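Enquirer: Below: one structure in structure tokens.
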Amino acid sequence: MKNIFIKNITLIDGTKANILIAKGKFQSITKVDDSNEILNDIPNVKLIDGNGKAIIPAFYNAHTHAAMTLLRSYSEDKILQKWLSDVWKKEATLTETDIYNGTRLAIVEMIRSGSVFFADMYWHHSAIIKAAKDMGVRVNAGITFMDSLDKKTQNTNMEFIKNYIPDDMINISVAPHAVYTCNKNLYKECYKVAENRNFMLQTHLCETEQEVNDCLSKYNLTPVEFLDDVGVLNSNTVAAHCVHLTEKDADILAKRGVKVVHNPCSNMKLASGIFPYSLHKKAGTSIILGTDGCASNNSLSMLEEMKFAALLAKVSTNNPVSLPAEEVFQWATMDSAAVFGLKAGKIEEGFLADCLLINLNHVSLVPNNNLIASLVYSAESECIDSVICNGNLLMENRYMEKEEEIIDILKHKTI
Ligand SMILES: [Zn+2]
């Protein structure tokens with residue numbers, strides 16, 4: 001691993017610094033005047049000229065199904081039930097190799113739009129983990145469970161979880177899919193193994209009105225009340241969507257410390273509903289941000305996701321002050337990193353060296369009146385010049401080594 005020295009780079013607050021990255025972390029962030037002194041002592045350094053660039057934390061995509069890139073634009077403008085049946089039918093035909101290739105394609109797109117981490121939930125977790133390792137990004141791979149999964153695979157997955165040794169690059173979680181696909185006992189089993197190994201538990205929750213109505217008919221409880229009754233809600237639970245909630249539901253989520261992932265594009269595209277920003281804020285829920293899969297977004301850009309989240313919060317509350325740029329930027333960076341146990345998401349000494357070098361001369365950022373507002377409201381992915389994860393350069397001057405090869409494999413593949 002080569003050390004990286006970034007000279008004369010602009011920080012978010014507009015000041016300039018020299019930054020040394022070594023052993024996967026930010027080792028020093030100093031005033032520009034001290035640069036020569038530091039450089040003399042450091043062998044094996046790659047020097048990056050930071051002039052005209054800003055350094056910001058990378059993005060942490062808190063909920064996706066990466067290999068769904070394979071289903072991009074496959075089932076469009078359909079009602080939810082039809083969309084789901086199209087998607088599930090096609091997913092049943094995907095092989096482990098398809099998942100590997102689809103996940104790598106997703107990672108190319110995520111790196112190009114600034115994400116160095118994704119929390120995933122899909123089949124063939126070994127292919128997902130291998131793809132993340134090969135591409136040099138971080139992942140939290142949700143080992144997915146549903147009632148319909150055969151018993152043998154469920155047992156194999158449970159054994160895998162019991163024995164898995166995680167690290168800062170590759171971690172796993174236990175992922176019972178949703179209340180409409182997993183029964184009480186399966187949730188309990190998932191919770192038990194997650195608790196024993198101190199892994200997170202990921203699930204979809206209250207995504208659609210139908211999910212809530214079906215749960216009420218079946219259990220006489222809302223999905224949140226049902227999961228609380230089962231005993232799986234706590235600060236290690238990550239719940240995607242949380243769109244259709246009662247006040248009591250929001251209070252339960254906040255009280256239990258559940259981490260809610262907002263997926264605005266997917267919710268809008270599938271007309272699932274409007275994320276109740278005010279309700280969550282009032283309850284004090286902890287919120288982070290994800291893209292969801294490509295079949296319902298159809299992009300994996302966290303820049304887009306931040307903008308849609310902010311705009312949706314404003315229009316749904318009829319208040320332009322709702323969800324300011326700084327808040328949604330924090331969801332996408334340090335808050336999401338912290339939820340998944342990473343000391344990252346900030347440009348600070350001792351933090352994991354995950355960052356983006358932003359081209360301040362890109363047309364979408366000029367003039368630089370307020371960098372965070374520009375990143376949320378006007379930035380295009382092309383303003384991301386370079387991407388560093390764990391101290392390694394994954395993209396430099398918009399060039400990624402493996403991109404062409406990965407696109408070549410899939411560019412003629414229609415499903
Ligand atoms: Zn999802």
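Residues are named by chain letter and number: chains run A, B, ... in the order of the structure tokens, numbers start at 1 in each chain, and ligands are numbered from 1 in the order shown.
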Please identify all protein, DNA and RNA residues within 7 Å of ligand 1, counting only C-alpha atoms and all ligand atoms, and report them as a PyMOL selection string.
Expert: chain A and resi 63-65+204+240+292-293
Enquirer: Just want the 6 Å neighbourhood of Ile288 in chain A, counted on only C-alpha atoms, with same-chain residues fewer than 4 positions away dropped. Output as a list in words.
Expert: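 Counting only C-alpha atoms, the residues come to Val261, Trp331 and Ser336 of chain A.
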Enquirer: Please produce a file of the residues just selected, as a PDB file, in the first residue's frame, where the atoms kept are N, CA and C atoms.
Expert:
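The resulting file, again-v4.pdb, is reproduced below:
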ATOM      1  N   VAL A 261     -33.364   3.705   7.241  1.00  0.00           N
ATOM      2  CA  VAL A 261     -32.736   4.111   5.970  1.00  0.00           C
ATOM      3  C   VAL A 261     -33.810   4.674   5.041  1.00  0.00           C
ATOM      4  N   TRP A 331     -26.199  12.514   6.865  1.00  0.00           N
ATOM      5  CA  TRP A 331     -26.822  11.184   6.762  1.00  0.00           C
ATOM      6  C   TRP A 331     -25.998  10.288   5.839  1.00  0.00           C
ATOM      7  N   SER A 336     -24.057   7.416   8.406  1.00  0.00           N
ATOM      8  CA  SER A 336     -24.162   6.073   7.844  1.00  0.00           C
ATOM      9  C   SER A 336     -22.937   5.237   8.210  1.00  0.00           C
TER      10      SER A 336
END
Enquirer: Need the shell around range 386-400 of chain A: protein/DNA/RNA residues with any atom at most 7 Å away, counting only C-alpha atoms. Skip same-chain ones fewer than 3 positions apart. Format as a list of chain:residue names?
Expert: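 So, after excluding close chain neighbours, the residues are A:Ile21, A:Ala22, A:Lys23, A:Gly24, A:Lys25, A:Ile111, A:Gly114, A:Val116, A:Val137, A:Leu352, A:Ala353, A:Asp354, A:Cys355, A:Leu356, A:Leu357, A:Glu403.
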Enquirer: Just checking: using only C-alpha atoms, which residue out of A:Ile19, A:Val139, A:Ala283, A:Ala67 ends up closest to Met169 in chain A?
Expert: A:Val139
Enquirer: With range 337-347 of chain A as the partner and 12 Å as the cut-off, tabulate the residues of range 122-220 of chain A that qualify, each row holding the nearest pair of atoms and their distance in Å to one decimal, using only C-alpha atoms, sorted by chain and rising number, as a Markdown table.
Expert:
| residue | atom | partner | partner_atom | distance |
| --- | --- | --- | --- | --- |
| A:Arg138 | CA | A:Leu342 | CA | 9.9 |
| A:Val139 | CA | A:Phe340 | CA | 9.5 |
| A:Asn140 | CA | A:Phe340 | CA | 7.6 |
| A:Ala141 | CA | A:Phe340 | CA | 11.1 |
| A:Gly142 | CA | A:Phe340 | CA | 11.8 |
| A:Pro166 | CA | A:Gly341 | CA | 11.1 |
| A:Asp167 | CA | A:Leu342 | CA | 9.8 |
| A:Asp168 | CA | A:Leu342 | CA | 6.7 |
| A:Met169 | CA | A:Leu342 | CA | 9.3 |
| A:Ile170 | CA | A:Phe340 | CA | 10.9 |
| A:Asn171 | CA | A:Phe340 | CA | 8.8 |
| A:Ile172 | CA | A:Phe340 | CA | 9.8 |
| A:Ser173 | CA | A:Phe340 | CA | 9.6 |
| A:Asn198 | CA | A:Gly341 | CA | 11.1 |
| A:Phe199 | CA | A:Phe340 | CA | 9.6 |
| A:Met200 | CA | A:Phe340 | CA | 7.9 |
| A:Leu201 | CA | A:Phe340 | CA | 10.7 |
| A:Gln202 | CA | A:Phe340 | CA | 10.9 |
Enquirer: Using only C-alpha atoms, which of A:Asp214, A:Asp229, A:Glu207, A:Asp147 sits nearest His244 in chain A?
Expert: A:Glu207
